$ cat data32.cif   # mmCIF, C-alpha atoms
data_query
loop_
_atom_site.label_atom_id
_atom_site.label_comp_id
_atom_site.auth_asym_id
_atom_site.auth_seq_id
_atom_site.Cartn_x
_atom_site.Cartn_y
_atom_site.Cartn_z
CA MET A 1 21.92 -8.41 33.23
CA THR A 2 21.48 -11.50 31.07
CA LYS A 3 24.15 -11.93 28.44
CA LEU A 4 22.78 -13.17 25.12
CA SER A 5 24.62 -15.27 22.57
CA TRP A 6 24.62 -14.36 18.86
CA ARG A 7 21.96 -16.96 18.23
CA GLN A 8 19.73 -15.51 20.93
CA TRP A 9 20.21 -11.99 19.55
CA GLY A 10 19.12 -13.41 16.18
CA VAL A 11 15.89 -14.69 17.74
CA VAL A 12 15.25 -11.28 19.38
CA LEU A 13 15.85 -9.55 16.02
CA ALA A 14 13.56 -12.02 14.24
CA LEU A 15 10.84 -11.32 16.83
CA LEU A 16 11.17 -7.57 16.25
CA LEU A 17 10.95 -8.07 12.47
CA VAL A 18 7.90 -10.34 12.77
CA VAL A 19 6.14 -7.90 15.13
CA SER A 20 6.86 -4.98 12.75
CA GLY A 21 5.58 -6.97 9.76
CA THR A 22 2.46 -7.99 11.67
CA VAL A 23 1.72 -4.39 12.66
CA TYR A 24 2.22 -3.31 9.02
CA PHE A 25 -0.27 -5.91 7.72
CA ALA A 26 -2.69 -5.15 10.58
CA VAL A 27 -2.76 -1.48 9.57
CA ARG A 28 -3.29 -2.51 5.94
CA ALA A 29 -6.18 -4.77 6.99
CA ILE A 30 -7.80 -2.26 9.31
CA ARG A 31 -7.65 0.76 6.97
CA PRO A 32 -10.03 -0.57 4.27
CA ALA A 33 -12.25 -2.02 7.01
CA ILE A 34 -12.63 1.44 8.58
CA TYR A 35 -13.47 3.05 5.22
CA TRP A 36 -15.68 0.10 4.20
CA HIS A 37 -18.81 2.22 3.75
CA TYR A 38 -17.02 4.98 1.85
CA HIS A 39 -15.55 2.67 -0.81
CA GLN A 40 -18.61 0.92 -2.15
CA ASP A 41 -17.63 1.37 -5.78
CA GLU A 42 -14.86 -0.98 -6.81
CA PRO A 43 -12.50 0.11 -9.56
CA ILE A 44 -13.67 -1.38 -12.87
CA LYS A 45 -11.24 -4.10 -13.94
CA GLU A 46 -10.73 -6.06 -17.16
CA TRP A 47 -11.88 -9.37 -15.63
CA MET A 48 -15.30 -8.04 -14.66
CA ASN A 49 -18.31 -8.50 -16.90
CA VAL A 50 -21.18 -6.06 -17.35
CA GLU A 51 -23.38 -7.96 -14.90
CA TYR A 52 -20.75 -7.81 -12.17
CA VAL A 53 -20.17 -4.06 -12.66
CA ALA A 54 -23.93 -3.44 -12.52
CA HIS A 55 -24.17 -5.53 -9.34
CA SER A 56 -21.19 -3.82 -7.71
CA TYR A 57 -22.37 -0.30 -8.59
CA HIS A 58 -26.05 -1.05 -7.83
CA VAL A 59 -27.35 0.03 -11.23
CA PRO A 60 -29.66 -1.94 -13.56
CA PRO A 61 -27.55 -4.01 -16.01
CA HIS A 62 -29.52 -2.85 -19.06
CA VAL A 63 -28.21 0.71 -18.53
CA LEU A 64 -24.64 -0.50 -18.98
CA TYR A 65 -25.50 -2.82 -21.89
CA LEU A 66 -27.20 0.10 -23.60
CA ALA A 67 -24.18 2.37 -23.05
CA LEU A 68 -21.90 -0.24 -24.63
CA GLY A 69 -24.34 -0.96 -27.48
CA LEU A 70 -24.92 -4.55 -26.38
CA PRO A 71 -28.22 -6.44 -26.08
CA HIS A 72 -29.16 -7.02 -22.45
CA LYS A 73 -30.58 -10.50 -23.11
CA PRO A 74 -29.16 -13.07 -22.75
CA PRO A 75 -26.68 -11.76 -20.17
CA ASP A 76 -23.24 -11.21 -21.69
CA LYS A 77 -20.73 -13.20 -19.63
CA ARG A 78 -17.65 -11.98 -21.46
CA PRO A 79 -15.05 -10.10 -19.44
CA LEU A 80 -14.83 -6.38 -20.28
CA ARG A 81 -11.40 -7.07 -21.82
CA ASP A 82 -13.10 -9.21 -24.50
CA VAL A 83 -15.91 -6.69 -24.99
CA ALA A 84 -13.34 -3.92 -25.50
CA ALA A 85 -11.40 -6.05 -28.00
CA ALA A 86 -14.57 -6.97 -29.93
CA GLN A 87 -15.56 -3.30 -30.17
CA ASN A 88 -12.03 -2.07 -31.06
CA ARG A 89 -11.97 0.06 -27.95
CA SER A 90 -9.36 0.44 -25.27
CA MET A 91 -10.17 -0.68 -21.76
CA ASP A 92 -9.97 2.96 -20.62
CA GLU A 93 -12.68 3.88 -23.14
CA VAL A 94 -14.94 1.06 -21.94
CA ARG A 95 -14.34 2.10 -18.33
CA ALA A 96 -15.19 5.74 -19.15
CA ILE A 97 -18.41 4.73 -20.97
CA LEU A 98 -19.52 2.58 -18.05
CA LEU A 99 -18.69 5.20 -15.41
CA ASP A 100 -20.56 7.84 -17.42
CA ALA A 101 -23.62 5.58 -17.65
CA ILE A 102 -23.39 4.78 -13.93
CA VAL A 103 -23.17 8.46 -12.95
CA HIS A 104 -26.20 9.29 -15.13
CA SER A 105 -28.32 6.52 -13.63
CA ARG A 106 -27.83 7.66 -10.05
CA PRO A 107 -29.26 10.67 -8.18
CA PRO A 108 -29.49 13.61 -8.85
CA TYR A 109 -30.28 12.25 -12.33
CA PRO A 110 -33.72 10.69 -12.82
CA PRO A 111 -33.89 6.90 -12.41
CA PRO A 112 -33.16 4.96 -15.63
CA PRO A 113 -36.10 3.76 -17.76
CA PRO A 114 -37.11 0.08 -17.68
CA PRO A 115 -35.17 -2.29 -19.97
CA PRO A 116 -36.14 -2.18 -23.65
CA HIS A 117 -37.61 -5.33 -25.24
CA ASP A 118 -34.68 -6.70 -27.24
CA LYS A 119 -35.31 -8.89 -30.22
CA PRO A 120 -33.27 -12.14 -30.11
CA ASP A 121 -31.37 -11.12 -33.25
CA ASP A 122 -30.52 -7.63 -32.02
CA PRO A 123 -27.65 -6.35 -34.17
CA GLY A 124 -26.01 -4.42 -31.29
CA GLY A 125 -24.19 -7.48 -29.93
CA HIS A 126 -20.57 -8.39 -30.68
CA ARG A 127 -20.59 -12.04 -29.65
CA MET B 128 -4.01 -8.33 -16.95
CA SER B 129 -2.46 -9.87 -13.85
CA MET B 130 -2.62 -13.61 -13.27
CA ALA B 131 -5.35 -13.11 -10.64
CA ASP B 132 -7.41 -11.11 -13.14
CA GLN B 133 -6.93 -13.79 -15.82
CA LEU B 134 -8.14 -16.46 -13.40
CA LEU B 135 -11.15 -14.37 -12.38
CA ALA B 136 -12.08 -13.81 -16.03
CA ALA B 137 -11.81 -17.58 -16.64
CA LEU B 138 -13.92 -18.27 -13.55
CA LEU B 139 -16.66 -15.93 -14.79
CA LEU B 140 -16.60 -17.47 -18.26
CA TYR B 141 -16.28 -21.18 -17.48
CA GLY B 142 -17.50 -21.46 -13.88
CA LEU B 143 -17.05 -24.48 -11.63
CA PRO B 144 -14.47 -26.52 -13.64
CA VAL B 145 -12.09 -23.55 -13.42
CA LEU B 146 -12.74 -23.16 -9.69
CA PHE B 147 -12.12 -26.88 -9.15
CA ALA B 148 -8.85 -26.84 -11.13
CA ILE B 149 -7.46 -23.72 -9.41
CA ILE B 150 -8.17 -24.98 -5.89
CA LEU B 151 -6.84 -28.46 -6.67
CA ILE B 152 -3.55 -27.07 -8.00
CA ALA B 153 -3.22 -24.61 -5.10
CA SER B 154 -3.86 -27.34 -2.51
CA ILE B 155 -0.99 -29.38 -3.94
CA GLY B 156 1.28 -26.41 -3.25
CA VAL B 157 1.29 -24.08 -6.25
CA PRO B 158 0.74 -20.51 -4.99
CA LEU B 159 -2.50 -19.27 -6.57
CA PRO B 160 -4.94 -16.61 -5.28
CA VAL B 161 -7.48 -19.08 -3.89
CA THR B 162 -8.98 -16.72 -1.32
CA LEU B 163 -9.87 -14.34 -4.14
CA MET B 164 -11.36 -17.21 -6.17
CA LEU B 165 -13.55 -18.43 -3.30
CA VAL B 166 -14.79 -14.95 -2.40
CA ALA B 167 -15.41 -14.17 -6.08
CA ALA B 168 -17.25 -17.48 -6.54
CA GLY B 169 -19.48 -16.56 -3.58
CA SER B 170 -20.18 -13.20 -5.20
CA PHE B 171 -20.96 -14.81 -8.58
CA ALA B 172 -23.29 -17.22 -6.80
CA LYS B 173 -25.16 -14.25 -5.31
CA GLN B 174 -25.53 -12.82 -8.83
CA GLY B 175 -26.97 -16.11 -10.05
CA GLU B 176 -23.97 -17.11 -12.18
CA MET B 177 -23.46 -20.28 -10.12
CA LYS B 178 -25.27 -22.22 -7.41
CA VAL B 179 -23.84 -21.65 -3.96
CA THR B 180 -24.12 -25.35 -2.97
CA SER B 181 -22.31 -26.40 -6.17
CA VAL B 182 -19.55 -23.89 -5.43
CA ILE B 183 -19.10 -25.27 -1.89
CA ILE B 184 -19.11 -28.91 -3.07
CA ALA B 185 -16.71 -28.29 -5.99
CA ALA B 186 -14.27 -26.17 -3.98
CA SER B 187 -14.26 -28.48 -0.92
CA SER B 188 -13.73 -31.63 -2.97
CA ALA B 189 -10.92 -29.98 -4.98
CA ALA B 190 -9.18 -28.83 -1.79
CA ILE B 191 -9.50 -32.25 -0.13
CA LEU B 192 -8.28 -34.05 -3.27
CA GLY B 193 -5.28 -31.71 -3.55
CA ASP B 194 -4.38 -32.29 0.10
CA GLN B 195 -4.56 -36.06 -0.41
CA ILE B 196 -2.22 -35.84 -3.39
CA GLY B 197 0.29 -33.82 -1.31
CA TYR B 198 0.02 -36.22 1.62
CA TRP B 199 0.42 -39.44 -0.39
CA LEU B 200 3.23 -38.10 -2.59
CA ALA B 201 5.16 -37.24 0.57
CA ARG B 202 4.27 -40.52 2.27
CA TRP B 203 5.34 -42.74 -0.63
CA GLY B 204 8.13 -40.89 -2.40
CA GLY B 205 9.31 -38.50 0.28
CA ARG B 206 9.41 -41.04 3.06
CA ARG B 207 11.50 -43.46 1.00
CA LEU B 208 13.91 -40.65 0.22
CA ILE B 209 14.22 -39.66 3.88
CA ASP B 210 14.75 -43.28 4.95
CA ARG B 211 17.53 -43.62 2.37
CA ILE B 212 19.19 -40.41 3.56
CA THR B 213 18.98 -41.25 7.28
CA ARG B 214 20.44 -44.70 6.58
CA ARG B 215 23.51 -43.04 5.06
CA VAL B 216 23.84 -39.79 6.99
CA GLY B 217 22.07 -40.65 10.25
CA GLY B 218 19.46 -38.61 12.12
CA VAL B 219 16.91 -41.39 12.72
CA ASP B 220 16.34 -39.98 16.22
CA LYS B 221 15.38 -36.59 14.76
CA ILE B 222 12.89 -38.21 12.40
CA GLN B 223 11.40 -40.15 15.32
CA LYS B 224 11.14 -36.87 17.29
CA ALA B 225 9.34 -35.24 14.35
CA GLU B 226 6.97 -38.21 14.13
CA LYS B 227 6.14 -37.92 17.84
CA LEU B 228 5.53 -34.18 17.45
CA SER B 229 3.34 -34.79 14.40
CA ASN B 230 1.29 -37.42 16.21
CA ARG B 231 0.81 -35.12 19.20
CA TRP B 232 0.01 -31.83 17.42
CA GLY B 233 -0.80 -33.03 13.90
CA GLY B 234 -4.59 -32.92 14.22
CA ALA B 235 -4.73 -29.33 15.45
CA GLY B 236 -2.07 -28.29 12.92
CA ILE B 237 -3.94 -29.86 10.01
CA PHE B 238 -7.30 -28.40 11.07
CA PHE B 239 -6.09 -24.83 11.64
CA SER B 240 -3.86 -24.79 8.55
CA ARG B 241 -6.94 -25.57 6.40
CA TRP B 242 -8.86 -22.41 7.22
CA LEU B 243 -7.00 -20.10 9.62
CA VAL B 244 -3.35 -20.16 8.49
CA THR B 245 -3.90 -21.42 4.96
CA GLU B 246 -0.36 -20.49 3.84
CA LEU B 247 0.88 -23.50 5.85
CA GLY B 248 -1.65 -26.00 4.43
CA PRO B 249 0.42 -27.57 1.63
CA TRP B 250 3.48 -27.78 3.93
CA LEU B 251 1.52 -29.64 6.57
CA ASN B 252 0.24 -32.10 3.96
CA VAL B 253 3.85 -32.91 3.12
CA THR B 254 5.08 -33.12 6.74
CA SER B 255 2.08 -35.27 7.68
CA GLY B 256 2.91 -37.65 4.84
CA LEU B 257 6.63 -37.68 5.64
CA THR B 258 6.06 -38.43 9.32
CA CYS B 259 3.44 -41.08 8.42
CA TYR B 260 0.70 -39.28 10.38
CA PRO B 261 -2.24 -41.75 10.43
CA TRP B 262 -4.29 -41.23 7.27
CA ARG B 263 -7.64 -41.79 9.02
CA HIS B 264 -6.95 -38.90 11.39
CA PHE B 265 -5.57 -36.79 8.54
CA ILE B 266 -8.69 -37.17 6.39
CA VAL B 267 -11.05 -36.31 9.28
CA TRP B 268 -9.21 -33.07 10.21
CA ASP B 269 -8.69 -32.27 6.54
CA VAL B 270 -12.37 -32.57 5.59
CA LEU B 271 -13.50 -30.59 8.65
CA GLY B 272 -10.98 -27.81 8.01
CA GLU B 273 -11.46 -27.55 4.25
CA VAL B 274 -15.26 -27.49 4.38
CA LEU B 275 -15.11 -24.79 7.07
CA TRP B 276 -12.60 -22.78 4.98
CA VAL B 277 -14.65 -23.00 1.80
CA MET B 278 -17.93 -22.18 3.51
CA LEU B 279 -16.42 -19.24 5.39
CA TYR B 280 -14.94 -17.55 2.33
CA VAL B 281 -17.74 -18.38 -0.10
CA MET B 282 -20.34 -17.06 2.33
CA LEU B 283 -18.31 -13.89 2.92
CA GLY B 284 -18.23 -13.39 -0.85
CA TYR B 285 -21.95 -14.09 -1.01
CA LYS B 286 -22.73 -11.61 1.76
CA PHE B 287 -20.46 -8.82 0.47
CA SER B 288 -20.89 -9.68 -3.20
CA ASP B 289 -20.52 -6.10 -4.43
CA ARG B 290 -17.13 -5.52 -2.83
CA VAL B 291 -15.02 -8.55 -3.72
CA GLN B 292 -11.76 -6.66 -4.21
CA TYR B 293 -11.94 -4.74 -0.92
CA LEU B 294 -12.90 -7.88 0.96
CA VAL B 295 -10.01 -9.87 -0.51
CA GLU B 296 -7.60 -7.04 0.37
CA ILE B 297 -8.73 -7.18 3.99
CA LEU B 298 -8.68 -10.99 4.16
CA GLY B 299 -5.24 -11.22 2.50
CA ASN B 300 -3.71 -8.83 5.03
CA LEU B 301 -5.55 -10.51 7.89
CA ALA B 302 -4.06 -13.88 6.93
CA TRP B 303 -0.54 -12.43 7.26
CA VAL B 304 -1.48 -10.88 10.63
CA ILE B 305 -2.61 -14.29 11.95
CA LEU B 306 0.58 -15.97 10.70
CA GLY B 307 2.67 -13.14 12.17
CA VAL B 308 0.97 -13.42 15.57
CA LEU B 309 1.59 -17.19 15.67
CA ILE B 310 5.28 -16.82 14.79
CA ALA B 311 5.62 -13.93 17.29
CA ILE B 312 4.15 -16.13 20.05
CA VAL B 313 6.72 -18.87 19.35
CA LEU B 314 9.65 -16.44 19.13
CA GLY B 315 8.38 -14.44 22.12
CA TRP B 316 8.27 -17.61 24.21
CA HIS B 317 11.98 -18.20 23.45
CA VAL B 318 12.92 -14.59 24.21
CA VAL B 319 11.07 -14.64 27.56
CA LYS B 320 13.04 -17.76 28.46
CA TYR B 321 16.35 -15.94 27.73
CA PHE B 322 15.52 -13.15 30.17
CA ARG B 323 13.97 -15.31 32.87
CA PRO B 324 16.33 -15.52 35.88
CA LYS B 325 17.92 -18.95 36.01
CA PRO B 326 17.42 -20.90 39.24
CA LYS B 327 20.61 -20.90 41.32
CA VAL B 328 22.20 -24.30 41.69
CA GLU B 329 23.13 -24.80 45.30
CA THR B 330 26.36 -26.65 45.83
CA VAL B 331 26.36 -28.90 48.81
CA SER B 332 29.76 -29.54 50.24
CA LEU B 333 30.09 -32.89 51.75
CA SER B 334 32.47 -33.08 54.60
CA THR B 335 34.17 -36.33 55.10
CA ASP B 336 35.02 -35.98 58.76
#
$ encode --input "data32.cif" --output "C-alpha cells"
Amino acid sequence: MTKLSWRQWGVVLALLLVVSGTVYFAVRAIRPAIYWHYHQDEPIKEWMNVEYVAHSYHVPPHVLYLALGLPHKPPDKRPLRDVAAAQNRSMDEVRAILLDAIVHSRPPYPPPPPPPHDKPDDPGGHR
Amino acid sequence: MSMADQLLAALLLYGLPVLFAIILIASIGVPLPVTLMLVAAGSFAKQGEMKVTSVIIAASSAAILGDQIGYWLARWGGRRLIDRITRRVGGVDKIQKAEKLSNRWGGAGIFFSRWLVTELGPWLNVTSGLTCYPWRHFIVWDVLGEVLWVMLYVMLGYKFSDRVQYLVEILGNLAWVILGVLIAIVLGWHVVKYFRPKPKVETVSLSTD
C-alpha cells in the first residue's frame, strides 16, 4: 500500500472537490438542455423591451404595444423598466399585462388582428 | 435590477458602443458577463436591432484590444517589477523555467483560453506579457481565438434568439464543466503517479576480491 504525504492527500482531496464541482455544473448544464423544448417562454425581465418579449414569445409586437397603450411605430427600444416608470406602474403590473396579452393572442383564442395604422403623433406613447 | 440586467438594458438602448466597452473592459480582466452580452447581441441582431457583421467586428476588435492592453501592461510594468524582485530575492531560474514553459505551450494556451476556457483569458494575457512571449505569435493566436469565440457565441444567440437566458445558463455551466475537466486531468495525472508502483532500484554489490 502506497503511503501518501500530507501534500499528496491534499492533491487527492482537491481532485475529489474538482470532480464533485464539475459533476454539479454538468447536471446544471444538462437539465435545461433536456427541457429545452418545454421552456420556450423566458421569464419577462426588466431589461427586455417590448420587441424582445414579442420575439421570445412568438407573438406580433403590436399586440403587446396595444396592451401597454403604446404606439407600435416606431419600435419602442426602451427597457420595460423604463416603460413601467413612465406609466407609473410596477414591473409586476407590466409583466401581468404582457402575459395576459400573450395568453389571449395564442390558441385557443383567435389570432390577433393586424396592426392598426398609427398616426405619427399618436398620444398613447410615453417617450 | 442586477448588473447583468443593467448591461443588457444598456446594450438594447445604445447598441454597439456599449458592447465594445463591456468586452474591452472584460478582456483587460474585469469580471463582466460577456457571454451573456455576446449571445444577447446575436439575438438582437436576429431581431434587426443590430447588424450581425457589425456585432462580430465590434466585439472581436474590443476583445483583441483588451488582450493587447493586458499583455503590454504586464510586459512593460510587470516584467520590470519581477526583474527587480528576482534581483533582490532570487528565483531567476524559476522565471526562466516559466518562460520556457510559456514558449512551449503559450500558443495553445492563448488560443484555447480565448474561446474554450475564457475564464483564463485575462490571466494568460498577463503571464504571456510577464514571460515576454513573442508578440507576433501572441497576436496571431489571439486574433484566431477571439474571432472564433465571438462568432461562436454571437451565432448561437442568433440561432436561438428567443431563448437567450436559457442558452446563457447552459453555456455558463458548460464553461465551468470544461474548466473542471481540465483541472481534474492535471490533478488526476498527479494522483495516478502517487499510486503507480515505483521501479525497484537494484543494488549491485561489487566484490573487491
$ residues_around --input "data32.cif" --residues "region 181-198 of chain B" --least-positions-apart "4" --cutoff "7 Å" --atoms "all atoms listed in the file" --output "list in words"
Leu143, Leu146, Phe147, Ile150, Leu151, Ile152, Ser154, Ile155, Ala168, Arg202, Pro249, Asn252, Val253, Ser255, Gly256, Asp269, Val270, Glu273, Val274, Val277 and Met278 of chain B
$ residues_near_point --input "data32.cif" --point "(3.8, -31.3, 13.9)" --cutoff "12 Å" --atoms "all atoms listed in the file" --output "number ranges by chain"
B: 222-238, 240, 247, 250-260
$ resolve_selection --input "data32.cif" --expression "the PyMOL selection byres ((chain A) within 8 of (chain B))" --output "VMD selection string"
chain A and resid 2 4 8 11 to 12 14 to 15 18 to 19 21 to 23 25 to 26 28 to 30 32 to 33 36 40 to 42 46 to 49 52 55 to 57 77 to 79
$ atom_distance --input "data32.cif" --atom1 "CA of Tyr38 (chain A)" --atom2 "CA of Asp100 (chain A)"
19.8 Å
$ atom_distance --input "data32.cif" --atom1 "CA of Val59 (chain A)" --atom2 "CA of Pro144 (chain B)"
29.6 Å
$ atom_distance --input "data32.cif" --atom1 "CA of Pro60 (chain A)" --atom2 "CA of Pro74 (chain A)"
14.4 Å
$ closest_residue --input "data32.cif" --among "B:Ala201, B:Leu279, B:Met164, B:Leu243" --to "Gly142 (chain B)" --atoms "all atoms listed in the file"
B:Met164
$ closest_residue --input "data32.cif" --among "A:Ile44, A:Ala85, A:Val50, A:Leu16" --to "Ala67 (chain A)" --atoms "only C-alpha atoms"
A:Val50
$ residues_around --input "data32.cif" --residues "region 105-116 of chain A" --least-positions-apart "2" --cutoff "10 Å" --atoms "all atoms listed in the file" --output "ChimeraX atom specification"
/A:57-66,71-73,99-103,118-119
$ axis_aligned_box --input "data32.cif" --around "region 72-84 of chain A" --padding-each-side "5 Å" --output "lines of an AutoDock Vina configuration file"
center_x = -21.0
center_y = -8.6
center_z = -22.5
size_x = 29.2
size_y = 19.3
size_z = 16.1
$ residues_around --input "data32.cif" --residues "Gly272 (chain B)" --least-positions-apart "5" --cutoff "7 Å" --atoms "only C-alpha atoms" --output "PyMOL selection string"
chain B and resi 238-239+241-242
$ decode --input "data32.cif" --residues "region 235-252 of chain B" --atoms "N, CA and C atoms" --output "PDB file, in the first residue's frame"
ATOM      1  N   ALA B 235      -0.945  27.340 -27.723  1.00  0.00           N
ATOM      2  CA  ALA B 235      -2.157  26.552 -27.464  1.00  0.00           C
ATOM      3  C   ALA B 235      -2.948  27.171 -26.319  1.00  0.00           C
ATOM      4  N   GLY B 236      -2.216  27.588 -25.273  1.00  0.00           N
ATOM      5  CA  GLY B 236      -2.877  28.187 -24.100  1.00  0.00           C
ATOM      6  C   GLY B 236      -3.635  29.446 -24.477  1.00  0.00           C
ATOM      7  N   ILE B 237      -2.995  30.309 -25.254  1.00  0.00           N
ATOM      8  CA  ILE B 237      -3.633  31.570 -25.669  1.00  0.00           C
ATOM      9  C   ILE B 237      -4.871  31.259 -26.521  1.00  0.00           C
ATOM     10  N   PHE B 238      -4.719  30.378 -27.495  1.00  0.00           N
ATOM     11  CA  PHE B 238      -5.825  30.070 -28.404  1.00  0.00           C
ATOM     12  C   PHE B 238      -7.033  29.503 -27.651  1.00  0.00           C
ATOM     13  N   PHE B 239      -6.794  28.483 -26.814  1.00  0.00           N
ATOM     14  CA  PHE B 239      -7.928  27.832 -26.141  1.00  0.00           C
ATOM     15  C   PHE B 239      -8.530  28.695 -25.036  1.00  0.00           C
ATOM     16  N   SER B 240      -7.702  29.586 -24.445  1.00  0.00           N
ATOM     17  CA  SER B 240      -8.264  30.448 -23.389  1.00  0.00           C
ATOM     18  C   SER B 240      -9.093  31.592 -23.985  1.00  0.00           C
ATOM     19  N   ARG B 241      -9.036  31.771 -25.302  1.00  0.00           N
ATOM     20  CA  ARG B 241      -9.858  32.819 -25.939  1.00  0.00           C
ATOM     21  C   ARG B 241     -11.302  32.374 -26.084  1.00  0.00           C
ATOM     22  N   TRP B 242     -11.519  31.079 -26.360  1.00  0.00           N
ATOM     23  CA  TRP B 242     -12.884  30.674 -26.699  1.00  0.00           C
ATOM     24  C   TRP B 242     -13.390  29.454 -25.938  1.00  0.00           C
ATOM     25  N   LEU B 243     -12.470  28.619 -25.413  1.00  0.00           N
ATOM     26  CA  LEU B 243     -12.940  27.404 -24.747  1.00  0.00           C
ATOM     27  C   LEU B 243     -12.948  27.568 -23.230  1.00  0.00           C
ATOM     28  N   VAL B 244     -11.863  28.077 -22.679  1.00  0.00           N
ATOM     29  CA  VAL B 244     -11.774  28.287 -21.218  1.00  0.00           C
ATOM     30  C   VAL B 244     -11.576  29.779 -21.006  1.00  0.00           C
ATOM     31  N   THR B 245     -12.604  30.545 -21.284  1.00  0.00           N
ATOM     32  CA  THR B 245     -12.457  32.007 -21.336  1.00  0.00           C
ATOM     33  C   THR B 245     -12.140  32.637 -19.971  1.00  0.00           C
ATOM     34  N   GLU B 246     -12.426  31.896 -18.892  1.00  0.00           N
ATOM     35  CA  GLU B 246     -12.120  32.423 -17.555  1.00  0.00           C
ATOM     36  C   GLU B 246     -10.612  32.674 -17.406  1.00  0.00           C
ATOM     37  N   LEU B 247      -9.806  31.928 -18.144  1.00  0.00           N
ATOM     38  CA  LEU B 247      -8.352  32.033 -18.014  1.00  0.00           C
ATOM     39  C   LEU B 247      -7.755  33.096 -18.940  1.00  0.00           C
ATOM     40  N   GLY B 248      -8.537  33.631 -19.858  1.00  0.00           N
ATOM     41  CA  GLY B 248      -8.024  34.557 -20.870  1.00  0.00           C
ATOM     42  C   GLY B 248      -7.204  35.716 -20.317  1.00  0.00           C
ATOM     43  N   PRO B 249      -7.786  36.553 -19.431  1.00  0.00           N
ATOM     44  CA  PRO B 249      -7.023  37.693 -18.924  1.00  0.00           C
ATOM     45  C   PRO B 249      -5.741  37.282 -18.189  1.00  0.00           C
ATOM     46  N   TRP B 250      -5.774  36.120 -17.501  1.00  0.00           N
ATOM     47  CA  TRP B 250      -4.581  35.647 -16.792  1.00  0.00           C
ATOM     48  C   TRP B 250      -3.487  35.286 -17.774  1.00  0.00           C
ATOM     49  N   LEU B 251      -3.866  34.664 -18.872  1.00  0.00           N
ATOM     50  CA  LEU B 251      -2.855  34.281 -19.861  1.00  0.00           C
ATOM     51  C   LEU B 251      -2.272  35.491 -20.585  1.00  0.00           C
ATOM     52  N   ASN B 252      -3.080  36.559 -20.722  1.00  0.00           N
ATOM     53  CA  ASN B 252      -2.516  37.792 -21.303  1.00  0.00           C
ATOM     54  C   ASN B 252      -1.374  38.286 -20.421  1.00  0.00           C
TER      55      ASN B 252
END
